[in-house]
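Q: Below is work_13.cif; it holds mmCIF, C-alpha atoms and all ligand atoms.
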data_data
#
loop_
_atom_site.label_atom_id
_atom_site.label_comp_id
_atom_site.auth_asym_id
_atom_site.auth_seq_id
_atom_site.Cartn_x
_atom_site.Cartn_y
_atom_site.Cartn_z
CA MET A 1 108.59 78.65 128.00
CA LEU A 2 112.19 78.24 126.83
CA SER A 3 111.74 80.94 124.18
CA THR A 4 110.33 83.27 126.84
CA LEU A 5 113.30 82.64 129.13
CA ALA A 6 115.66 83.18 126.20
CA ALA A 7 113.95 86.51 125.48
CA PHE A 8 114.31 87.54 129.13
CA TRP A 9 117.97 86.57 129.01
CA ARG A 10 118.46 88.99 126.10
CA GLY A 11 116.67 91.72 128.08
CA ARG A 12 113.56 91.41 125.92
CA VAL A 13 110.01 90.32 126.57
CA PRO A 14 108.03 88.19 124.11
CA GLY A 15 106.95 90.46 121.27
CA GLN A 16 103.45 91.81 120.90
CA VAL A 17 101.91 93.69 117.96
CA VAL A 18 98.59 95.47 117.69
CA ILE A 19 97.50 95.19 114.07
CA GLN A 20 94.88 97.68 113.02
CA TYR A 21 93.27 95.55 110.33
CA THR A 22 90.72 98.18 109.38
CA ASP A 23 89.80 101.70 110.43
CA ARG A 24 86.24 101.28 109.17
CA CYS A 25 83.63 101.36 111.90
CA ASN A 26 79.87 101.35 112.24
CA ALA A 27 79.64 102.79 115.77
CA THR A 28 79.43 106.43 116.77
CA CYS A 29 81.52 106.53 119.95
CA VAL A 30 82.21 110.12 120.88
CA GLN A 31 85.60 109.12 122.31
CA CYS A 32 87.01 107.93 118.99
CA GLY A 33 88.21 109.51 115.76
CA MET A 34 87.17 106.44 113.75
CA ARG A 35 83.47 106.79 114.58
CA ALA A 36 80.98 106.42 111.76
CA GLY A 37 80.21 109.83 110.29
CA ASN A 38 83.74 111.16 110.83
CA VAL A 39 84.84 111.67 107.25
CA PHE A 40 88.34 110.53 106.25
CA PRO A 41 89.61 107.98 103.73
CA ARG A 42 89.06 104.55 105.29
CA SER A 43 91.44 101.64 104.82
CA THR A 44 91.44 97.89 105.28
CA MET A 45 94.67 95.95 105.04
CA GLY A 46 93.66 92.96 102.99
CA ARG A 47 94.62 89.38 103.66
CA ASP A 48 97.75 89.20 101.51
CA ASP A 49 99.44 92.16 103.18
CA ALA A 50 98.34 90.98 106.61
CA ARG A 51 99.75 87.50 105.95
CA ARG A 52 103.07 89.02 104.91
CA LEU A 53 103.12 91.08 108.11
CA ILE A 54 102.28 88.05 110.24
CA ASP A 55 105.05 86.01 108.62
CA ALA A 56 107.54 88.78 109.41
CA MET A 57 106.28 88.97 112.98
CA ALA A 58 106.55 85.21 113.50
CA ALA A 59 110.08 85.24 112.04
CA ARG A 60 111.03 87.90 114.62
CA GLY A 61 109.63 85.93 117.55
CA VAL A 62 106.44 87.89 118.12
CA GLN A 63 104.29 85.84 120.47
CA ALA A 64 101.06 87.84 120.64
CA ILE A 65 99.03 89.79 118.11
CA SER A 66 95.79 91.72 118.49
CA PHE A 67 93.58 92.44 115.51
CA THR A 68 91.95 95.74 116.22
CA GLY A 69 89.94 98.30 114.27
CA GLY A 70 87.80 100.16 113.56
CA GLU A 71 85.46 97.29 113.99
CA PRO A 72 87.31 93.99 113.44
CA LEU A 73 84.17 91.91 112.93
CA LEU A 74 83.32 93.89 109.78
CA CYS A 75 86.09 91.63 108.46
CA LEU A 76 85.22 88.49 110.44
CA LYS A 77 86.19 86.02 107.69
CA ASP A 78 89.55 87.69 107.14
CA ILE A 79 90.32 87.84 110.87
CA VAL A 80 89.46 84.18 111.42
CA GLU A 81 91.60 83.13 108.48
CA LEU A 82 94.50 85.34 109.55
CA ALA A 83 94.28 84.06 113.12
CA GLY A 84 94.67 80.53 111.77
CA HIS A 85 97.61 81.64 109.68
CA ALA A 86 99.26 83.31 112.68
CA ARG A 87 98.82 80.19 114.79
CA ALA A 88 100.30 78.03 112.01
CA GLN A 89 103.31 80.36 111.98
CA GLY A 90 103.81 79.78 115.72
CA ILE A 91 102.21 82.90 117.20
CA ARG A 92 100.63 81.75 120.47
CA TYR A 93 98.28 84.50 121.59
CA ILE A 94 95.77 85.91 119.15
CA ARG A 95 93.19 88.45 120.23
CA THR A 96 90.38 90.33 118.65
CA GLY A 97 87.10 91.88 119.69
CA THR A 98 84.01 93.77 118.71
CA ASN A 99 81.98 96.85 119.43
CA GLY A 100 79.03 94.45 119.66
CA PHE A 101 77.11 95.48 116.56
CA LEU A 102 76.23 91.84 115.82
CA PHE A 103 74.32 91.71 119.13
CA ARG A 104 71.68 94.16 117.89
CA HIS A 105 68.20 92.93 116.92
CA HIS A 106 68.09 90.34 119.68
CA GLU A 107 64.33 90.00 119.24
CA ALA A 108 64.64 88.81 115.63
CA PRO A 109 63.60 85.16 115.17
CA ASP A 110 66.99 84.18 113.75
CA PHE A 111 69.06 85.90 116.50
CA ALA A 112 69.80 82.67 118.42
CA ASP A 113 70.92 80.87 115.25
CA LYS A 114 73.12 83.79 114.25
CA MET A 115 74.73 83.82 117.69
CA ASP A 116 75.32 80.08 117.56
CA ARG A 117 77.05 80.41 114.21
CA LEU A 118 79.15 83.35 115.40
CA ALA A 119 80.12 81.54 118.61
CA GLU A 120 81.07 78.39 116.66
CA THR A 121 83.15 80.35 114.16
CA LEU A 122 85.07 82.13 116.90
CA ALA A 123 85.39 79.12 119.20
CA GLU A 124 86.78 76.97 116.38
CA SER A 125 89.24 79.65 115.30
CA ALA A 126 92.73 80.25 116.66
CA ILE A 127 91.54 83.35 118.51
CA ASN A 128 92.21 82.92 122.21
CA THR A 129 90.99 86.23 123.58
CA PHE A 130 87.78 87.84 122.41
CA TRP A 131 86.58 91.13 123.88
CA ILE A 132 83.23 92.89 123.67
CA SER A 133 83.31 96.64 124.35
CA LEU A 134 81.13 97.97 127.14
CA ASP A 135 81.38 101.58 128.27
CA SER A 136 78.92 101.81 131.12
CA ALA A 137 76.97 100.02 133.82
CA ASP A 138 73.95 101.75 132.31
CA PRO A 139 72.87 100.03 129.05
CA ALA A 140 71.16 103.19 127.78
CA ALA A 141 74.35 105.25 128.23
CA HIS A 142 76.45 102.63 126.47
CA GLU A 143 74.06 102.20 123.57
CA ALA A 144 73.53 105.93 123.08
CA ASN A 145 77.26 106.58 122.90
CA ARG A 146 77.92 103.68 120.55
CA GLY A 147 74.84 104.29 118.43
CA LEU A 148 74.05 100.58 118.76
CA PRO A 149 70.58 100.22 120.31
CA GLY A 150 69.70 96.92 121.96
CA VAL A 151 73.22 95.49 122.06
CA VAL A 152 73.33 94.99 125.83
CA ALA A 153 70.21 92.80 125.87
CA GLY A 154 71.69 90.96 122.88
CA ILE A 155 74.93 90.34 124.76
CA ARG A 156 72.96 88.93 127.70
CA LYS A 157 71.22 86.48 125.38
CA ALA A 158 74.34 85.58 123.42
CA LEU A 159 76.79 84.92 126.26
CA PRO A 160 75.35 81.53 127.35
CA ARG A 161 75.53 80.38 123.73
CA PHE A 162 79.20 81.43 123.58
CA HIS A 163 79.95 79.72 126.89
CA ALA A 164 78.23 76.52 125.72
CA ARG A 165 80.66 76.43 122.79
CA GLY A 166 83.69 76.99 125.01
CA LEU A 167 84.34 80.65 124.37
CA HIS A 168 84.33 83.10 127.26
CA PRO A 169 84.41 86.69 125.98
CA ALA A 170 85.79 89.52 128.09
CA ALA A 171 83.91 92.76 128.71
CA ASN A 172 86.23 95.55 127.64
CA LEU A 173 85.65 98.78 129.53
CA GLY A 174 87.03 101.97 128.02
CA ILE A 175 87.06 104.05 131.21
CA ASN A 176 85.03 107.22 130.74
CA ARG A 177 82.78 109.51 132.70
CA THR A 178 79.71 107.30 132.13
CA THR A 179 81.35 104.12 133.47
CA GLY A 180 79.00 104.05 136.47
CA GLY A 181 76.04 105.43 134.53
CA MET A 182 74.43 108.78 133.97
CA GLY A 183 72.83 111.31 136.35
CA ALA A 184 74.32 111.05 139.84
CA HIS A 185 76.79 108.42 138.61
CA TYR A 186 78.31 110.57 135.85
CA LEU A 187 81.90 111.40 136.84
CA THR A 188 81.73 115.19 136.93
CA PRO A 189 84.74 117.15 138.21
CA ASP A 190 84.72 117.37 141.99
CA GLU A 191 86.91 117.63 145.06
CA PRO A 192 89.40 114.71 145.13
CA ALA A 193 87.70 112.81 147.98
CA ALA A 194 84.25 113.18 146.41
CA PHE A 195 85.57 112.27 142.95
CA TYR A 196 87.27 109.18 144.41
CA GLN A 197 84.01 108.05 146.05
CA LYS A 198 82.08 108.52 142.82
CA ALA A 199 84.73 106.57 140.91
CA VAL A 200 84.60 103.72 143.44
CA GLN A 201 80.84 103.50 142.98
CA ALA A 202 81.23 103.68 139.20
CA PHE A 203 83.65 100.75 139.08
CA GLU A 204 81.60 98.71 141.55
CA ARG A 205 78.47 99.31 139.50
CA PHE A 206 80.30 98.45 136.31
CA TYR A 207 81.76 95.16 137.58
CA ASP A 208 78.44 94.13 139.11
CA SER A 209 76.58 94.86 135.89
CA VAL A 210 79.13 92.89 133.86
CA ALA A 211 78.84 89.86 136.16
CA ASP A 212 75.05 90.16 136.01
CA LEU A 213 75.15 90.15 132.20
CA GLY A 214 76.97 86.82 132.35
CA PHE A 215 80.57 87.81 131.62
CA THR A 216 83.26 85.88 133.46
CA MET A 217 86.18 88.04 132.37
CA THR A 218 86.84 91.74 132.03
CA ASN A 219 89.53 94.27 131.26
CA ALA A 220 89.79 98.03 131.65
CA CYS A 221 91.25 100.38 129.03
CA TYR A 222 92.69 103.44 130.69
CA PRO A 223 91.53 106.76 129.23
CA MET A 224 93.02 107.19 125.75
CA SER A 225 94.40 110.66 126.19
CA LEU A 226 97.90 112.08 126.32
CA PRO A 227 98.92 114.78 128.79
CA GLU A 228 99.12 117.47 126.11
CA ALA A 229 96.07 119.63 125.45
CA ASP A 230 95.34 118.41 121.95
CA THR A 231 96.68 114.97 121.34
CA ALA A 232 94.46 113.43 118.73
CA THR A 233 96.59 114.75 115.88
CA ASP A 234 99.77 113.04 117.15
CA ALA A 235 98.27 109.65 117.69
CA VAL A 236 98.49 107.27 114.74
CA TYR A 237 95.81 105.07 116.31
CA THR A 238 92.89 107.44 116.22
CA ALA A 239 90.95 105.75 119.00
CA THR A 240 91.64 108.98 120.85
CA SER A 241 89.62 112.07 121.44
CA THR A 242 89.52 115.39 123.17
CA ALA A 243 85.88 114.76 124.15
CA ASP A 244 85.13 115.62 127.78
CA MET A 245 83.66 112.19 128.33
CA ILE A 246 87.05 110.53 127.96
CA ARG A 247 89.46 113.22 129.17
CA PHE A 248 90.54 113.40 132.79
CA THR A 249 92.94 115.79 134.45
CA PRO A 250 96.07 114.29 136.04
CA GLN A 251 94.49 114.95 139.45
CA GLU A 252 91.35 113.10 138.41
CA LYS A 253 93.43 110.24 137.05
CA VAL A 254 95.04 109.77 140.46
CA GLN A 255 91.61 109.33 142.06
CA LEU A 256 90.36 107.22 139.16
CA PHE A 257 93.29 104.81 139.34
CA LYS A 258 93.10 104.69 143.16
CA ALA A 259 89.42 103.83 142.97
CA LEU A 260 90.04 101.04 140.46
CA TYR A 261 92.99 99.80 142.54
CA ASP A 262 90.74 99.60 145.61
CA VAL A 263 87.68 98.08 143.91
CA ILE A 264 89.46 95.30 142.00
CA PRO A 265 90.32 93.10 145.02
CA ARG A 266 86.67 93.21 146.09
CA ARG A 267 85.48 91.84 142.73
CA ARG A 268 88.35 89.54 141.72
CA HIS A 269 86.63 86.40 142.98
CA ALA A 270 83.46 87.08 140.94
CA LEU A 271 85.11 87.99 137.63
CA ARG A 272 88.48 87.28 136.07
CA ILE A 273 89.78 90.86 136.00
CA PHE A 274 92.83 91.26 133.80
CA THR A 275 93.82 94.75 135.06
CA PRO A 276 96.97 94.31 137.18
CA ARG A 277 97.05 96.39 140.36
CA SER A 278 100.85 96.71 140.08
CA SER A 279 100.32 98.71 136.89
CA LEU A 280 97.70 100.89 138.59
CA LEU A 281 100.02 101.50 141.55
CA ALA A 282 102.77 102.59 139.15
CA LEU A 283 100.35 104.97 137.39
CA ILE A 284 99.10 106.41 140.69
CA ARG A 285 102.67 107.13 141.73
CA GLN A 286 103.48 108.61 138.34
CA TYR A 287 100.56 111.04 138.42
CA GLU A 288 100.70 111.74 142.15
CA ARG A 289 104.39 112.12 142.74
CA GLY A 290 105.78 112.57 139.24
CA GLU A 291 107.73 109.41 139.99
CA GLY A 292 108.89 107.32 137.05
CA THR A 293 107.15 103.99 136.92
CA ALA A 294 109.25 101.08 138.10
CA TYR A 295 109.22 99.46 134.66
CA PRO A 296 108.64 101.79 131.69
CA CYS A 297 106.72 100.87 128.59
CA ARG A 298 108.20 98.47 126.06
CA GLY A 299 106.46 100.18 123.12
CA GLY A 300 108.97 100.50 120.27
CA ILE A 301 111.23 97.85 121.80
CA ASP A 302 109.16 94.68 122.07
CA PHE A 303 105.65 96.00 121.41
CA PHE A 304 104.46 97.70 118.21
CA PHE A 305 101.45 99.05 116.38
CA VAL A 306 100.81 98.54 112.65
CA ASP A 307 98.53 101.02 110.92
CA ALA A 308 95.78 99.99 108.49
CA LYS A 309 96.23 102.83 106.02
CA ASP A 310 99.88 102.39 105.06
CA LEU A 311 100.92 99.14 106.82
CA ASN A 312 103.66 101.05 108.60
CA THR A 313 104.94 100.17 112.06
CA TYR A 314 104.94 102.55 115.00
CA PRO A 315 106.22 102.14 118.57
CA CYS A 316 102.59 102.22 119.69
CA GLY A 317 99.28 103.78 118.80
CA TYR A 318 100.41 107.17 120.08
CA ARG A 319 103.90 107.89 118.80
CA GLY A 320 102.71 108.71 115.30
CA GLU A 321 105.80 110.83 114.62
CA GLU A 322 108.02 107.72 114.76
CA ASN A 323 107.28 105.78 111.60
CA LEU A 324 109.48 102.66 111.71
CA GLY A 325 108.51 101.48 108.23
CA LYS A 326 107.31 98.07 107.18
CA PHE A 327 107.53 95.32 109.76
CA TRP A 328 109.18 92.99 107.24
CA ASP A 329 112.07 95.47 106.94
CA LEU A 330 112.54 95.85 110.70
CA ASN A 331 115.60 94.63 112.50
CA LEU A 332 114.43 94.45 116.09
CA THR A 333 117.96 94.13 117.41
CA ASP A 334 118.83 97.52 115.90
CA LEU A 335 115.84 99.02 117.68
CA ALA A 336 116.66 97.60 121.09
CA ALA A 337 117.17 100.22 123.76
CA ALA A 338 116.34 100.59 127.40
CA PRO A 339 112.63 101.31 127.85
CA ASP A 340 111.98 104.81 129.12
CA CYS A 341 108.62 105.99 127.76
CA THR A 342 105.72 106.78 130.11
CA ARG A 343 103.97 109.32 127.89
CA CYS A 344 100.57 107.70 128.03
CA ASP A 345 98.57 105.10 129.94
CA TRP A 346 97.81 102.69 127.10
CA GLU A 347 97.08 99.53 129.09
CA CYS A 348 97.79 97.24 126.12
CA PHE A 349 101.44 98.12 126.54
CA ARG A 350 101.74 99.56 130.05
CA ASP A 351 100.16 96.60 131.87
CA PRO A 352 102.39 93.85 130.43
CA SER A 353 105.46 96.10 130.69
CA GLU A 354 104.88 96.53 134.40
CA LEU A 355 104.06 92.88 135.01
CA LEU A 356 106.97 91.45 133.04
CA GLY A 357 109.59 94.03 134.06
CA PRO A 358 110.78 92.28 137.23
CA LEU A 359 110.94 88.92 135.43
CA VAL A 360 113.21 90.30 132.68
CA GLU A 361 115.41 92.02 135.20
CA GLY A 362 115.38 88.97 137.48
CA VAL A 363 116.79 86.66 134.80
CA ARG A 364 119.62 89.03 133.89
CA HIS A 365 120.33 90.77 137.18
CA PRO A 366 118.88 88.71 140.05
CA LEU A 367 120.63 90.66 142.79
CA ARG A 368 119.52 93.99 141.38
CA VAL A 369 115.91 92.91 141.19
CA LEU A 370 115.98 91.43 144.69
CA GLN A 371 117.30 94.72 146.00
CA ARG A 372 114.63 96.66 144.13
CA LEU A 373 111.85 94.37 145.39
CA ARG A 374 113.13 94.67 148.97
CA GLN A 375 113.25 98.45 148.75
CA ASP A 376 109.63 98.67 147.64
CA PRO A 377 107.64 96.13 149.68
CA ALA A 378 104.26 97.69 148.77
CA MET A 379 104.85 97.25 145.03
CA THR A 380 106.43 93.82 145.55
CA ARG A 381 103.39 92.56 147.46
CA VAL A 382 100.96 93.87 144.85
CA TRP A 383 102.99 92.52 141.92
CA TRP A 384 103.33 89.07 143.50
CA ASP A 385 99.62 89.06 144.25
CA ASP A 386 98.89 89.89 140.58
CA LEU A 387 100.96 86.89 139.47
CA ARG A 388 99.17 84.56 141.91
CA TYR A 389 95.82 85.90 140.78
CA TYR A 390 96.70 85.47 137.10
CA LYS A 391 97.50 81.83 137.85
CA ALA A 392 94.16 81.39 139.63
CA CYS A 393 92.54 82.84 136.49
CA GLY A 394 94.25 80.29 134.26
CA PHE A 395 96.07 83.23 132.63
CA PHE A 396 92.80 84.44 131.11
CA ASP A 397 92.36 81.67 128.56
CA ALA A 398 89.04 82.51 126.87
CA GLY A 399 88.65 78.84 126.00
CA GLN A 400 88.27 77.95 129.67
CA PRO A 401 85.50 78.73 132.16
CA PRO A 402 86.58 80.29 135.44
CA ASP A 403 87.96 77.87 138.01
CA ARG A 404 85.73 78.99 140.90
CA GLN A 405 87.62 76.89 143.44
CA ALA A 406 90.94 78.41 142.43
CA LEU A 407 89.43 81.90 142.67
CA GLU A 408 87.99 81.13 146.11
CA ARG A 409 91.34 79.70 147.22
CA TRP A 410 93.00 82.88 146.00
CA ARG A 411 90.39 84.92 147.91
CA GLY A 412 91.18 82.96 151.07
CA THR A 413 94.79 84.13 150.93
CA MET A 414 93.87 87.81 150.76
S1 LIG B 1 85.85 103.09 119.85
FE1 LIG B 1 85.81 101.29 118.52
S2 LIG B 1 83.64 100.96 118.12
FE2 LIG B 1 83.83 103.05 118.84
S3 LIG B 1 84.01 104.31 116.98
FE3 LIG B 1 86.10 103.79 117.69
S4 LIG B 1 86.69 101.97 116.58
FE4 LIG B 1 84.46 102.19 116.41
S1 LIG B 2 103.90 104.77 127.21
FE1 LIG B 2 102.34 105.19 125.66
S2 LIG B 2 103.38 106.61 124.24
FE2 LIG B 2 105.00 105.57 125.38
S3 LIG B 2 105.56 103.74 124.19
FE3 LIG B 2 104.01 103.11 125.69
S4 LIG B 2 102.07 103.22 124.60
FE4 LIG B 2 103.57 104.49 123.47
#
Taking this structure as input, can you express it in the form of structure tokens?
Ligand code: SF4
Ligand code: SF4
A:
Amino acid sequence: MLSTLAAFWRGRVPGQVVIQYTDRCNATCVQCGMRAGNVFPRSTMGRDDARRLIDAMAARGVQAISFTGGEPLLCLKDIVELAGHARAQGIRYIRTGTNGFLFRHHEAPDFADKMDRLAETLAESAINTFWISLDSADPAAHEANRGLPGVVAGIRKALPRFHARGLHPAANLGINRTTGGMGAHYLTPDEPAAFYQKAVQAFERFYDSVADLGFTMTNACYPMSLPEADTATDAVYTATSTADMIRFTPQEKVQLFKALYDVIPRRRHALRIFTPRSSLLALIRQYERGEGTAYPCRGGIDFFFVDAKDLNTYPCGYRGEENLGKFWDLNLTDLAAAPDCTRCDWECFRDPSELLGPLVEGVRHPLRVLQRLRQDPAMTRVWWDDLRYYKACGFFDAGQPPDRQALERWRGTM
């Protein structure tokens, strides 16, 4: 708490780094350059290099790290060990996740035992957020895209075993045109009002299917595309694509974000939904009015991405032209500048930037922030509501079940 306040006082937010531990993957997602079958030299960091990076991060006050891929659980032992190392170095929030490949073959006689062992390994580790990717309310659409048949039924069977061991995974939706399913639910281009209605149905179907599967927590990844026509070559984190399934026009994004903004309050009591509506409101305004978001992204200032292939640091997964070198050589004070980037919608960085922005400003310039909050009552109300909701969710601690009473109390104040 004190270190967070001290960071705010210096105009910084607690540091966060996305570490791409490996770019190897065994899934075939059309929306991603790292899909199996896409030929390029694959890399995995290795524990010694990763430990050195983590030590440098801890020494610079980084408070949160995410181990991403590729598929992180191809390196489960390494990730568990590195999570323990990070915690021992004082890093508080450690996240990782999976494309779900271990949930295949749910009819095998040893599936339950395997799930118990996996759940125990993760629950006993220092990992405090664990996500499972899910692209669609329609299991067949999700499994066809991922090339992982049977995973959804496997997730349904595995979740109670995870919960029994005190680990509550989050369903991680990468928003795409199949979010609501195929056929009539596929998000084809349409008039804005019709597209909005289809998107509302898609998100409602998705959240309902996730709750039905047994998840208690969920997050949404905004479409991984930059405004430019061909962006995949610029992005260092190649979880990007020009595939139609994942690309939306700015006009479609307005309707997409509005739909999510409107659906979330109707499902927040049933699921702990990480996605902050203040961030969605800022994105809607940005795409609709060309208005700068209230609090720009802290990528390259407090948040960073480290690439598996060369261990180099980048401001984020997109700004591949800005190689900042090795994290252990970084002087974060030299890098400090006022945040101003809104080039993409990467929720890993945009969501916390938007949520924490008023708190940073409030510590340093209380009058300025009060004035800003008064001038924009709609945003102020939504932001304050996000904070209250996060509290009701126990700040999304995957080690805790949902506090249904707190969520109902929060619902009663809506
Ligand atoms: S989105 Fe994830 S699971 Fe799918 S191919 Fe890319 S890295 Fe693999
Ligand atoms: S807005 Fe996007 S491109 Fe800009 S720093 Fe943040 S994550 Fe990177």
Q: Nearest to ligand LIG 2 (chain B) among A:Val17, A:Ala126, A:Cys29, A:Ile175, with distances taken over all atoms listed in the file: which residue is it?
A: A:Val17
Q: Could you check how far atom CA of Trp131 of chain A sits from atom CA of Pro169 of chain A, in Å to one decimal?
A: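 According to the coordinates, atom CA of Trp131 of chain A and atom CA of Pro169 of chain A are separated by 5.4 Å.
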Q: Any chance you could work out the axis-aligned box around ligand LIG 2 (chain B), listed atoms only, 6 Å on each side, giving centre and edge lengths in Å to one decimal, as JSON?
A:
{"center_x": 103.8, "center_y": 104.9, "center_z": 125.3, "size_x": 15.5, "size_y": 15.5, "size_z": 15.7}
Q: For the interface of chain A with ligand LIG 2 (chain B) (cut-off 7 Å, counting all atoms listed in the file), please tabulate each contacting residue of chain A alongside its nearest pair of atoms and their separation in Å to one decimal, rows sorted by chain and increasing number, as JSON lines.
A:
{"residue": "A:Cys297", "atom": "CA", "partner": "B:LIG2", "partner_atom": "FE3", "distance": 4.6}
{"residue": "A:Arg298", "atom": "CA", "partner": "B:LIG2", "partner_atom": "S3", "distance": 6.2}
{"residue": "A:Gly299", "atom": "CA", "partner": "B:LIG2", "partner_atom": "S3", "distance": 3.8}
{"residue": "A:Gly300", "atom": "CA", "partner": "B:LIG2", "partner_atom": "S3", "distance": 6.1}
{"residue": "A:Pro315", "atom": "CA", "partner": "B:LIG2", "partner_atom": "S3", "distance": 5.9}
{"residue": "A:Cys316", "atom": "CA", "partner": "B:LIG2", "partner_atom": "FE4", "distance": 4.5}
{"residue": "A:Gly317", "atom": "CA", "partner": "B:LIG2", "partner_atom": "FE4", "distance": 6.4}
{"residue": "A:Tyr318", "atom": "CA", "partner": "B:LIG2", "partner_atom": "S2", "distance": 5.1}
{"residue": "A:Arg319", "atom": "CA", "partner": "B:LIG2", "partner_atom": "S2", "distance": 5.6}
{"residue": "A:Cys341", "atom": "CA", "partner": "B:LIG2", "partner_atom": "FE2", "distance": 4.4}
{"residue": "A:Thr342", "atom": "CA", "partner": "B:LIG2", "partner_atom": "S1", "distance": 4.0}
{"residue": "A:Arg343", "atom": "CA", "partner": "B:LIG2", "partner_atom": "S2", "distance": 4.6}
{"residue": "A:Cys344", "atom": "CA", "partner": "B:LIG2", "partner_atom": "FE1", "distance": 3.9}
{"residue": "A:Asp345", "atom": "CA", "partner": "B:LIG2", "partner_atom": "FE1", "distance": 5.7}
{"residue": "A:Trp346", "atom": "CA", "partner": "B:LIG2", "partner_atom": "S4", "distance": 5.0}
{"residue": "A:Phe349", "atom": "CA", "partner": "B:LIG2", "partner_atom": "S4", "distance": 5.5}
{"residue": "A:Arg350", "atom": "CA", "partner": "B:LIG2", "partner_atom": "FE3", "distance": 6.1}
Q: Which value, in Å to one decimal, gives the distance between atom S3 of ligand LIG 1 (chain B) and atom CA of Met34 of chain A?
A: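 Those two atoms sit 5.0 Å apart.
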Q: Tell me which of A:Leu271, A:Ala220, A:Met379, A:Ala308 sits closest to Asp351 of chain A, counting only C-alpha atoms.
A: A:Ala220
Q: As a quick test: using all atoms listed in the file, which residues lie no more than 7 Å away from ligand LIG 1 (chain B)? Give them as a compact mmCIF listing (two decimals) with C-alpha atoms, in the frame of the given file.
A:
# COMPACT_ATOMS: atom_id res chain seq x y z
CA ASP A 23 89.80 101.70 110.43
CA CYS A 25 83.63 101.36 111.90
CA ASN A 26 79.87 101.35 112.24
CA ALA A 27 79.64 102.79 115.77
CA THR A 28 79.43 106.43 116.77
CA CYS A 29 81.52 106.53 119.95
CA GLN A 31 85.60 109.12 122.31
CA CYS A 32 87.01 107.93 118.99
CA GLY A 33 88.21 109.51 115.76
CA MET A 34 87.17 106.44 113.75
CA ARG A 35 83.47 106.79 114.58
CA ALA A 36 80.98 106.42 111.76
CA GLY A 69 89.94 98.30 114.27
CA GLY A 70 87.80 100.16 113.56
CA GLU A 71 85.46 97.29 113.99
CA ASN A 99 81.98 96.85 119.43
CA ARG A 146 77.92 103.68 120.55
CA ALA A 239 90.95 105.75 119.00
Q: Using only C-alpha atoms, which residues sit within 9 Å of Tyr287 of chain A once same-chain residues fewer than 4 positions away are excluded, as a PDB file with C-alpha atoms, in the coordinates of the input?
A:
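To be explicit, this is the file written out as out30.pdb:
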ATOM      1  CA  PRO A 250      96.070 114.290 136.040  1.00  0.00           C
ATOM      2  CA  GLN A 251      94.490 114.950 139.450  1.00  0.00           C
ATOM      3  CA  LYS A 253      93.430 110.240 137.050  1.00  0.00           C
ATOM      4  CA  VAL A 254      95.040 109.770 140.460  1.00  0.00           C
ATOM      5  CA  ALA A 282     102.770 102.590 139.150  1.00  0.00           C
ATOM      6  CA  LEU A 283     100.350 104.970 137.390  1.00  0.00           C
ATOM      7  CA  GLU A 291     107.730 109.410 139.990  1.00  0.00           C
TER       8      GLU A 291
END
Q: Which of these, A:Tyr207, A:Phe103, A:Tyr261, A:Tyr314, has the shortest distance to Thr275 of chain A once you count all atoms listed in the file?
A: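 Of A:Tyr207, A:Phe103, A:Tyr261, A:Tyr314, the one nearest Thr275 of chain A is A:Tyr261, counting all atoms listed in the file.
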Q: From the list A:Ala86, A:Phe215, A:Gly181, A:Gly174, which residue is nearest Phe130 of chain A when using all atoms listed in the file?
A: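 Among A:Ala86, A:Phe215, A:Gly181, A:Gly174, it is A:Phe215 that comes nearest to Phe130 of chain A.
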Q: Please determine the residues with any atom at most 9 Å from (82.0, 107.9, 134.3) (coordinates as given in the file, with only C-alpha atoms counting) and report them as a PyMOL selection string.
A: chain A and resi 135-136+175-182+185-188+198-199+202-203+245-246
Q: Give the answer as one residue: which of A:Asp244, A:Asp334, A:Glu321, A:Asp138 has the shortest atom-to-atom distance to Ala184 of chain A, using only C-alpha atoms?
A: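 With only C-alpha atoms as the atom set, the closest residue is A:Asp138.
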Q: Determine the nearest neighbour of Asp376 of chain A from the options A:Glu354, A:Ala141, A:Ala294, A:Arg104, counting only C-alpha atoms.
A: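 Looking only at the distances to Asp376 of chain A, the closest residue turns out to be A:Ala294.
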Q: Quick check, in Å to one decimal: how far apart do atom CA of Thr238 of chain A and atom CA of Leu118 of chain A lie?
A: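 Distance reported for this atom pair: 27.7 Å.
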Q: Just want the 12 Å neighbourhood of Gly150 of chain A, counted on all atoms listed in the file, with same-chain residues fewer than 5 positions away dropped. Output as a list in words.
A: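 Listing them by chain and then by number gives Gly100, Phe101, Leu102, Phe103, Arg104, His105, His106, Glu107, Ala108, Pro139, Ala140, Ala141, His142, Glu143, Ala144, Ile155, Arg156 and Lys157 of chain A.
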Q: Find the residues with any atom within 12 Å of (103.7, 91.9, 140.9); use all atoms listed in the file and the coordinates as given in the file, and write the answer as number ranges by chain.
A: A: 275-282, 294-295, 351-359, 373, 376-390
Q: I want to know what sits within 9 Å of Pro189 of chain A, based on all atoms listed in the file, with residues of the same chain fewer than 6 positions away left out; could you give that as a list in words?
A: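 Contacts, with the query itself left out: Phe195, Phe248 and Glu252 of chain A.
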Q: From the structure block, carefully write segment 17-26 of chain A out with C-alpha atoms; format it as a CSV table (one decimal), in the first residue's frame.
A:
chain,number,residue,atom,x,y,z
A,17,VAL,CA,5.5,-6.5,-17.3
A,18,VAL,CA,4.1,-9.1,-19.7
A,19,ILE,CA,6.8,-11.7,-20.2
A,20,GLN,CA,6.5,-13.8,-23.3
A,21,TYR,CA,8.1,-16.9,-21.9
A,22,THR,CA,7.7,-18.9,-25.1
A,23,ASP,CA,6.3,-18.3,-28.6
A,24,ARG,CA,5.8,-22.1,-29.1
A,25,CYS,CA,2.1,-23.0,-29.4
A,26,ASN,CA,0.1,-26.1,-30.1
